Amino acid sequence: MKLILAVLFIFMQLMFIGCSTKVKEIKQEMLAFPPYPDKPRIVYLDTYRGENVEEEETNLLDSITGDTSKKVQNPLIVKPYGVAFKNGKIYVVDTGTRVVFIIDEKTKKVAYLGAGQGASFVSPVSIAFDKDGIMYISDILAKKITGYQEGTLVFTLGSRLDFTAPTGIAIDKELHRLYVVDTKAHDVKAYDLATKKLLYKVGKRGNAHGEFNFPTNIAIDRRNNNFVVTDTQNFRVQIFDKDGKFIKSIGKVGDRPGDFARPKGVGIDSEGHIYVADSAFNNVQVFNQEGEIMTYFGHAGFVEPATFRLISGMYIDENDKLIIADGFSGRVQSFQYLSEKWQKNNPLKYKEYVDYTPKAVLERERKEKEKQTKKDGDK
C-alpha cells in the first residue's frame with residue numbers, strides 16, 4: 001500500500017512538473033522581506049529545477065520507478081529534501097529519483113551522483129560536507145551514512161543495528177563531529193569524524209526537555225558549537241550545547257506566529273538567528289536566540305518565487321546564503337540574508353538592494369509629477 005501511495009505521489013508530482021517545464025520560471029522585480037518600503041533583510045535570489053528542462057522531457061515511467069540512468073544527462077528534480085552549498089555549487093538530495101544534483105550557481109550546469117553516476121542510493125535524505133570536502137549522505141532505508149570524495153565512496157557508517165531511520169545530518173567542522181538525527185529512534189547520535197566512533201546519544205521518545213517525537217532535521221551554530229533539532233511531532237525545535245545538554249525549546253503547536261504545525265528544515269545564520277521551515281504553513285519563521293519570533297517569509301504556491309509546497313530541507317552557509325528545498329513543487333530556491341558580515345563584504349550590492357524602488361512606485365511617482373507639472377502650467 002505504501003509503495004502504491006509513493007508511486008501515485010511521484011506520478012502527481014511529475015504530471016505537475018511536466019506541465020510546467022515548458023513554462024519559464026516567473027521573472028519579476030527584486031523580492032525582499034520585509035517588502036518595500038521597509039529596509040530589506042532577506043532577498044530572494046534564484047530558483048533551480050534541473051538542467052535544460054525545457055529542451056528535453058524525462059520519461060515518466062523511468063522517473064516513477066527511479067530509473068534515471070537513461071536520462072541522467074537531463075533529469076528533473078522531483079522531490080528534493082537535503083540541500084547544501086559549497087564552492088559556488090548547490091547540492092540537492094532528490095528522494096524521488098535517488099540522485100544528488102550538483103548545480104553550478106552561475107552557469108546552471110548540472111552534474112549528478114547516483115543512478116549509475118558513481119553511487120547507488122536506496123532512499124537518500126540529507127547531505128553535509130566535512131572540512132576535507134567529503135560528502136556525507138544519509139540513507140533512511142539503507143540505514144547508513146555514506147561518504148564520497150570526488151564521486152568515489154570512501155566510507156560507510158552504520159547498519160540496521162546502529163540506525164532505525166537516519167534522516168537529518170550536520171557536521172561541526174571545528175569539533176570534527178557528525179550529528180545524525182535518527183527519526184524512529186527519537187534521538188540524535190554524535191560521532192567522531194576521524195574514528196567514526198559514537199560519542200554520545202541525546203534523547204528518547206517523549207515530550208520533556210531533551211526528548212523527541214520523530215525529530216527530522218538538525219543545524220550547527222558555528223558561533224558556539226550548539227546544535228538545533230527540529231522535534232517535528234512535538235511541534236518545536238530544541239537547542240543543545242556541544243555536549244548534548246539541553247538549553248532551550250522554541251515553539252508549540254498552533255497557527256499563530258511562532259507556532260508550528262510541521263517543522264522540518266532548520267538553519268542558523270552568522271548572527272545566531274534560527275530559521276525553521278514549516279511544511280504545513282509553507283513558510284520559514286526566523287527566531288532570535290531567546291526564542292522570540294522576528295519575522296517570517298513565504299506562503300503556499302507552486303511557481304512564484306518565495307512560495308512553497310511541502311517545504312523540507314534547508315541549509316545556511318557561512319556567508320548567510322539560504323538554500324531551501326521545496327518538496328512538492330520539485331525545485332530549490334536560494335535567498336540571501338543581509339547580515340552585517342554580508343553587508344561588509346558586499347557594500348555595492350547592499351546599496352543596490354537598499355536603494356531599490358519597485359517599478360510600480362516609480363511609475364506612480366512619474367505620473368504624479370506629470371500631473372503636478374500640468375497643474376503648475378495651467379496657473
# chains A, B, ... in the order shown; residues from 1 in each chain; ligands from 1
>>> select_by_dssp(residues="segment 144-320 of chain A", states="strand (DSSP E)", output="JSON, numbers by chain")
{"A": [144, 145, 146, 147, 148, 149, 152, 153, 154, 155, 156, 157, 166, 167, 168, 169, 170, 171, 172, 177, 178, 179, 180, 181, 182, 187, 188, 189, 190, 191, 192, 198, 199, 200, 201, 202, 218, 219, 220, 227, 228, 229, 230, 231, 236, 237, 238, 239, 240, 246, 247, 248, 249, 250, 263, 264, 265, 266, 267, 268, 274, 275, 276, 277, 278, 283, 284, 285, 286, 287, 293, 294, 295, 296, 297, 299, 300, 307, 308, 311, 312, 313, 314, 315, 316]}
>>> closest_atom_pairs(of="segment 74-188 of chain A", to="segment 297-315 of chain A", cutoff="9 Å", atoms="only C-alpha atoms", output="tab-separated table")
residue	atom	partner	partner_atom	distance
A:Pro80	CA	A:Ser312	CA	7.7
A:Tyr81	CA	A:Gly313	CA	4.8
A:Gly82	CA	A:Gly313	CA	5.0
A:Val83	CA	A:Tyr315	CA	6.0
A:Ala84	CA	A:Tyr315	CA	5.6
A:Phe85	CA	A:Tyr315	CA	7.4
A:Ser126	CA	A:Gly313	CA	7.8
A:Gly168	CA	A:Gly313	CA	8.6
>>> residues_around(residues="segment 277-280 of chain A", least_positions_apart="6", cutoff="6 Å", atoms="only C-alpha atoms", output="list in words")
Ala261, Arg262, Pro263, Lys264, Gly265, Leu310 and Ile311 of chain A
>>> closest_residue(among="A:Val354, A:Leu178, A:Val286, A:Val43", to="Thr195 of chain A", atoms="only C-alpha atoms")
A:Leu178
>>> residues_around(residues="segment 144-150 of chain A", least_positions_apart="3", cutoff="10 Å", atoms="only C-alpha atoms", output="PyMOL selection string")
chain A and resi 113+118-119+121+124+126-130+132-141+153-167+169+180
>>> residues_around(residues="Leu198 of chain A", least_positions_apart="2", cutoff="10 Å", atoms="only C-alpha atoms", output="mmCIF file with C-alpha atoms, in the first residue's frame")
data_model
loop_
_atom_site.group_PDB
_atom_site.id
_atom_site.type_symbol
_atom_site.label_atom_id
_atom_site.label_comp_id
_atom_site.auth_asym_id
_atom_site.auth_seq_id
_atom_site.Cartn_x
_atom_site.Cartn_y
_atom_site.Cartn_z
ATOM 1 C CA ASP A 162 23.056 1.310 14.573
ATOM 2 C CA ARG A 177 31.786 15.763 14.712
ATOM 3 C CA LEU A 178 28.962 14.233 12.721
ATOM 4 C CA TYR A 179 25.440 14.521 14.120
ATOM 5 C CA LYS A 189 23.689 10.484 17.685
ATOM 6 C CA ALA A 190 27.057 12.283 17.764
ATOM 7 C CA TYR A 191 30.102 10.671 16.105
ATOM 8 C CA ASP A 192 33.793 11.500 15.979
ATOM 9 C CA LEU A 193 34.627 12.198 12.329
ATOM 10 C CA THR A 195 37.324 7.445 14.181
ATOM 11 C CA LYS A 196 33.596 7.232 13.260
ATOM 12 C CA TYR A 200 27.000 10.087 22.784
ATOM 13 C CA LYS A 201 23.260 9.986 22.158
#
>>> atom_distance(atom1="atom CA of Glu363 of chain A", atom2="atom CA of Pro35 of chain A")
17.8 Å
>>> atom_distance(atom1="atom CA of Gly251 of chain A", atom2="atom CA of Phe227 of chain A")
16.2 Å
>>> atom_distance(atom1="atom CA of Gly327 of chain A", atom2="atom CA of Val125 of chain A")
11.7 Å
>>> decode(residues="segment 216-369 of chain A", atoms="C-alpha atoms", output="PDB file, in the first residue's frame")
ATOM      1  CA  THR A 216      13.868  15.231  11.449  1.00  0.00           C
ATOM      2  CA  ASN A 217      16.481  17.919  10.817  1.00  0.00           C
ATOM      3  CA  ILE A 218      19.496  19.472  12.522  1.00  0.00           C
ATOM      4  CA  ALA A 219      21.802  22.502  12.160  1.00  0.00           C
ATOM      5  CA  ILE A 220      25.028  23.685  13.789  1.00  0.00           C
ATOM      6  CA  ASP A 221      25.535  27.121  15.333  1.00  0.00           C
ATOM      7  CA  ARG A 222      29.033  27.970  14.069  1.00  0.00           C
ATOM      8  CA  ARG A 223      29.453  30.668  16.730  1.00  0.00           C
ATOM      9  CA  ASN A 224      29.333  28.381  19.773  1.00  0.00           C
ATOM     10  CA  ASN A 225      29.024  24.753  18.517  1.00  0.00           C
ATOM     11  CA  ASN A 226      25.459  24.405  19.792  1.00  0.00           C
ATOM     12  CA  PHE A 227      23.106  22.367  17.648  1.00  0.00           C
ATOM     13  CA  VAL A 228      19.401  22.792  16.938  1.00  0.00           C
ATOM     14  CA  VAL A 229      16.996  19.925  16.198  1.00  0.00           C
ATOM     15  CA  THR A 230      13.507  20.088  14.711  1.00  0.00           C
ATOM     16  CA  ASP A 231      11.351  17.978  17.018  1.00  0.00           C
ATOM     17  CA  THR A 232       8.703  17.612  14.347  1.00  0.00           C
ATOM     18  CA  GLN A 233       5.834  15.842  16.057  1.00  0.00           C
ATOM     19  CA  ASN A 234       6.355  17.737  19.288  1.00  0.00           C
ATOM     20  CA  PHE A 235       5.912  20.904  17.170  1.00  0.00           C
ATOM     21  CA  ARG A 236       9.076  22.609  18.391  1.00  0.00           C
ATOM     22  CA  VAL A 237      12.812  22.992  17.927  1.00  0.00           C
ATOM     23  CA  GLN A 238      15.278  22.226  20.691  1.00  0.00           C
ATOM     24  CA  ILE A 239      18.705  23.755  21.283  1.00  0.00           C
ATOM     25  CA  PHE A 240      21.585  21.744  22.808  1.00  0.00           C
ATOM     26  CA  ASP A 241      25.178  22.584  23.655  1.00  0.00           C
ATOM     27  CA  LYS A 242      28.152  20.735  22.166  1.00  0.00           C
ATOM     28  CA  ASP A 243      27.946  18.069  24.882  1.00  0.00           C
ATOM     29  CA  GLY A 244      24.285  17.355  24.224  1.00  0.00           C
ATOM     30  CA  LYS A 245      22.989  19.296  27.218  1.00  0.00           C
ATOM     31  CA  PHE A 246      19.528  20.791  26.718  1.00  0.00           C
ATOM     32  CA  ILE A 247      19.451  24.596  26.545  1.00  0.00           C
ATOM     33  CA  LYS A 248      16.099  25.778  25.258  1.00  0.00           C
ATOM     34  CA  SER A 249      12.928  24.776  23.433  1.00  0.00           C
ATOM     35  CA  ILE A 250      11.262  27.060  20.878  1.00  0.00           C
ATOM     36  CA  GLY A 251       7.685  26.867  19.627  1.00  0.00           C
ATOM     37  CA  LYS A 252       4.491  24.904  20.214  1.00  0.00           C
ATOM     38  CA  VAL A 253       1.612  23.574  18.168  1.00  0.00           C
ATOM     39  CA  GLY A 254      -0.676  26.294  16.840  1.00  0.00           C
ATOM     40  CA  ASP A 255      -1.312  28.661  13.955  1.00  0.00           C
ATOM     41  CA  ARG A 256      -0.029  31.938  15.353  1.00  0.00           C
ATOM     42  CA  PRO A 257       3.366  33.488  14.572  1.00  0.00           C
ATOM     43  CA  GLY A 258       5.983  31.487  16.443  1.00  0.00           C
ATOM     44  CA  ASP A 259       3.867  28.312  16.464  1.00  0.00           C
ATOM     45  CA  PHE A 260       4.459  25.205  14.349  1.00  0.00           C
ATOM     46  CA  ALA A 261       2.386  22.606  12.534  1.00  0.00           C
ATOM     47  CA  ARG A 262       5.069  20.500  10.825  1.00  0.00           C
ATOM     48  CA  PRO A 263       8.573  21.929  11.368  1.00  0.00           C
ATOM     49  CA  LYS A 264      11.219  20.364   9.114  1.00  0.00           C
ATOM     50  CA  GLY A 265      14.254  22.236   7.781  1.00  0.00           C
ATOM     51  CA  VAL A 266      16.360  24.310  10.150  1.00  0.00           C
ATOM     52  CA  GLY A 267      19.342  26.631   9.771  1.00  0.00           C
ATOM     53  CA  ILE A 268      21.342  29.184  11.754  1.00  0.00           C
ATOM     54  CA  ASP A 269      22.899  32.332  10.301  1.00  0.00           C
ATOM     55  CA  SER A 270      26.121  34.084  11.326  1.00  0.00           C
ATOM     56  CA  GLU A 271      24.266  36.224  13.864  1.00  0.00           C
ATOM     57  CA  GLY A 272      22.610  33.295  15.611  1.00  0.00           C
ATOM     58  CA  HIS A 273      19.110  33.653  14.194  1.00  0.00           C
ATOM     59  CA  ILE A 274      17.287  30.328  13.881  1.00  0.00           C
ATOM     60  CA  TYR A 275      15.310  29.662  10.680  1.00  0.00           C
ATOM     61  CA  VAL A 276      12.617  26.977  10.765  1.00  0.00           C
ATOM     62  CA  ALA A 277      10.793  25.732   7.660  1.00  0.00           C
ATOM     63  CA  ASP A 278       7.244  24.513   8.260  1.00  0.00           C
ATOM     64  CA  SER A 279       5.938  22.148   5.585  1.00  0.00           C
ATOM     65  CA  ALA A 280       2.326  22.714   6.656  1.00  0.00           C
ATOM     66  CA  PHE A 281       2.482  26.515   6.806  1.00  0.00           C
ATOM     67  CA  ASN A 282       4.715  26.605   3.685  1.00  0.00           C
ATOM     68  CA  ASN A 283       6.863  29.325   5.194  1.00  0.00           C
ATOM     69  CA  VAL A 284      10.078  29.997   7.083  1.00  0.00           C
ATOM     70  CA  GLN A 285       9.965  31.588  10.522  1.00  0.00           C
ATOM     71  CA  VAL A 286      13.001  33.350  11.962  1.00  0.00           C
ATOM     72  CA  PHE A 287      13.708  33.416  15.728  1.00  0.00           C
ATOM     73  CA  ASN A 288      16.347  35.046  17.885  1.00  0.00           C
ATOM     74  CA  GLN A 289      18.378  33.104  20.449  1.00  0.00           C
ATOM     75  CA  GLU A 290      15.768  33.806  23.115  1.00  0.00           C
ATOM     76  CA  GLY A 291      13.156  32.034  21.016  1.00  0.00           C
ATOM     77  CA  GLU A 292      11.276  35.202  20.068  1.00  0.00           C
ATOM     78  CA  ILE A 293       9.956  35.328  16.523  1.00  0.00           C
ATOM     79  CA  MET A 294      11.470  38.139  14.475  1.00  0.00           C
ATOM     80  CA  THR A 295       9.953  37.684  11.033  1.00  0.00           C
ATOM     81  CA  TYR A 296       8.794  35.124   8.501  1.00  0.00           C
ATOM     82  CA  PHE A 297       8.646  34.763   4.729  1.00  0.00           C
ATOM     83  CA  GLY A 298       6.919  32.559   2.191  1.00  0.00           C
ATOM     84  CA  HIS A 299       3.427  31.213   1.620  1.00  0.00           C
ATOM     85  CA  ALA A 300       1.714  28.431  -0.319  1.00  0.00           C
ATOM     86  CA  GLY A 301       2.362  28.288  -4.081  1.00  0.00           C
ATOM     87  CA  PHE A 302       3.957  26.253  -6.874  1.00  0.00           C
ATOM     88  CA  VAL A 303       5.635  28.646  -9.302  1.00  0.00           C
ATOM     89  CA  GLU A 304       6.157  32.120  -7.892  1.00  0.00           C
ATOM     90  CA  PRO A 305       9.407  32.837  -6.033  1.00  0.00           C
ATOM     91  CA  ALA A 306       9.270  32.507  -2.244  1.00  0.00           C
ATOM     92  CA  THR A 307       6.202  30.272  -2.387  1.00  0.00           C
ATOM     93  CA  PHE A 308       6.375  26.672  -1.243  1.00  0.00           C
ATOM     94  CA  ARG A 309       4.581  23.320  -1.191  1.00  0.00           C
ATOM     95  CA  LEU A 310       5.811  20.831   1.409  1.00  0.00           C
ATOM     96  CA  ILE A 311       8.947  22.846   2.141  1.00  0.00           C
ATOM     97  CA  SER A 312      11.521  20.448   3.580  1.00  0.00           C
ATOM     98  CA  GLY A 313      15.311  20.748   3.906  1.00  0.00           C
ATOM     99  CA  MET A 314      17.278  23.939   4.484  1.00  0.00           C
ATOM    100  CA  TYR A 315      20.922  24.981   4.620  1.00  0.00           C
ATOM    101  CA  ILE A 316      22.572  28.286   5.542  1.00  0.00           C
ATOM    102  CA  ASP A 317      26.241  28.705   4.618  1.00  0.00           C
ATOM    103  CA  GLU A 318      28.985  30.738   6.278  1.00  0.00           C
ATOM    104  CA  ASN A 319      28.066  33.794   4.175  1.00  0.00           C
ATOM    105  CA  ASP A 320      24.372  33.631   5.092  1.00  0.00           C
ATOM    106  CA  LYS A 321      23.088  32.249   1.803  1.00  0.00           C
ATOM    107  CA  LEU A 322      19.914  30.216   2.327  1.00  0.00           C
ATOM    108  CA  ILE A 323      19.186  27.140   0.213  1.00  0.00           C
ATOM    109  CA  ILE A 324      15.643  25.775   0.626  1.00  0.00           C
ATOM    110  CA  ALA A 325      14.160  22.561  -0.787  1.00  0.00           C
ATOM    111  CA  ASP A 326      10.578  22.929  -1.980  1.00  0.00           C
ATOM    112  CA  GLY A 327       9.492  19.295  -1.810  1.00  0.00           C
ATOM    113  CA  PHE A 328       6.253  19.028  -3.781  1.00  0.00           C
ATOM    114  CA  SER A 329       6.956  21.595  -6.499  1.00  0.00           C
ATOM    115  CA  GLY A 330      10.265  19.923  -7.386  1.00  0.00           C
ATOM    116  CA  ARG A 331      12.529  22.929  -7.060  1.00  0.00           C
ATOM    117  CA  VAL A 332      15.166  24.543  -4.861  1.00  0.00           C
ATOM    118  CA  GLN A 333      15.218  28.258  -4.064  1.00  0.00           C
ATOM    119  CA  SER A 334      18.054  30.445  -2.826  1.00  0.00           C
ATOM    120  CA  PHE A 335      17.902  33.565  -0.651  1.00  0.00           C
ATOM    121  CA  GLN A 336      20.417  35.939   0.928  1.00  0.00           C
ATOM    122  CA  TYR A 337      20.242  37.190   4.499  1.00  0.00           C
ATOM    123  CA  LEU A 338      21.748  40.688   4.512  1.00  0.00           C
ATOM    124  CA  SER A 339      23.747  40.217   7.681  1.00  0.00           C
ATOM    125  CA  GLU A 340      26.317  42.710   8.911  1.00  0.00           C
ATOM    126  CA  LYS A 341      29.008  40.301   7.740  1.00  0.00           C
ATOM    127  CA  TRP A 342      27.491  40.112   4.258  1.00  0.00           C
ATOM    128  CA  GLN A 343      26.990  43.885   4.086  1.00  0.00           C
ATOM    129  CA  LYS A 344      30.653  44.446   4.886  1.00  0.00           C
ATOM    130  CA  ASN A 345      31.767  42.043   2.170  1.00  0.00           C
ATOM    131  CA  ASN A 346      29.250  43.275  -0.419  1.00  0.00           C
ATOM    132  CA  PRO A 347      28.797  47.057   0.059  1.00  0.00           C
ATOM    133  CA  LEU A 348      27.810  47.847  -3.540  1.00  0.00           C
ATOM    134  CA  LYS A 349      25.254  45.060  -3.757  1.00  0.00           C
ATOM    135  CA  TYR A 350      23.837  46.045  -0.403  1.00  0.00           C
ATOM    136  CA  LYS A 351      23.418  49.646  -1.567  1.00  0.00           C
ATOM    137  CA  GLU A 352      21.642  48.356  -4.664  1.00  0.00           C
ATOM    138  CA  TYR A 353      19.211  46.390  -2.514  1.00  0.00           C
ATOM    139  CA  VAL A 354      18.583  49.234  -0.061  1.00  0.00           C
ATOM    140  CA  ASP A 355      18.133  51.869  -2.798  1.00  0.00           C
ATOM    141  CA  TYR A 356      15.806  49.676  -4.840  1.00  0.00           C
ATOM    142  CA  THR A 357      12.365  51.091  -5.706  1.00  0.00           C
ATOM    143  CA  PRO A 358       9.704  48.949  -7.443  1.00  0.00           C
ATOM    144  CA  LYS A 359       8.751  49.934 -10.991  1.00  0.00           C
ATOM    145  CA  ALA A 360       5.123  50.446  -9.980  1.00  0.00           C
ATOM    146  CA  VAL A 361       6.179  53.019  -7.380  1.00  0.00           C
ATOM    147  CA  LEU A 362       8.441  54.813  -9.848  1.00  0.00           C
ATOM    148  CA  GLU A 363       5.636  54.890 -12.418  1.00  0.00           C
ATOM    149  CA  ARG A 364       3.177  56.274  -9.885  1.00  0.00           C
ATOM    150  CA  GLU A 365       5.654  58.944  -8.855  1.00  0.00           C
ATOM    151  CA  ARG A 366       6.229  59.829 -12.523  1.00  0.00           C
ATOM    152  CA  LYS A 367       2.501  60.265 -13.170  1.00  0.00           C
ATOM    153  CA  GLU A 368       2.053  62.360 -10.039  1.00  0.00           C
ATOM    154  CA  LYS A 369       4.943  64.563 -11.104  1.00  0.00           C
TER     155      LYS A 369
END
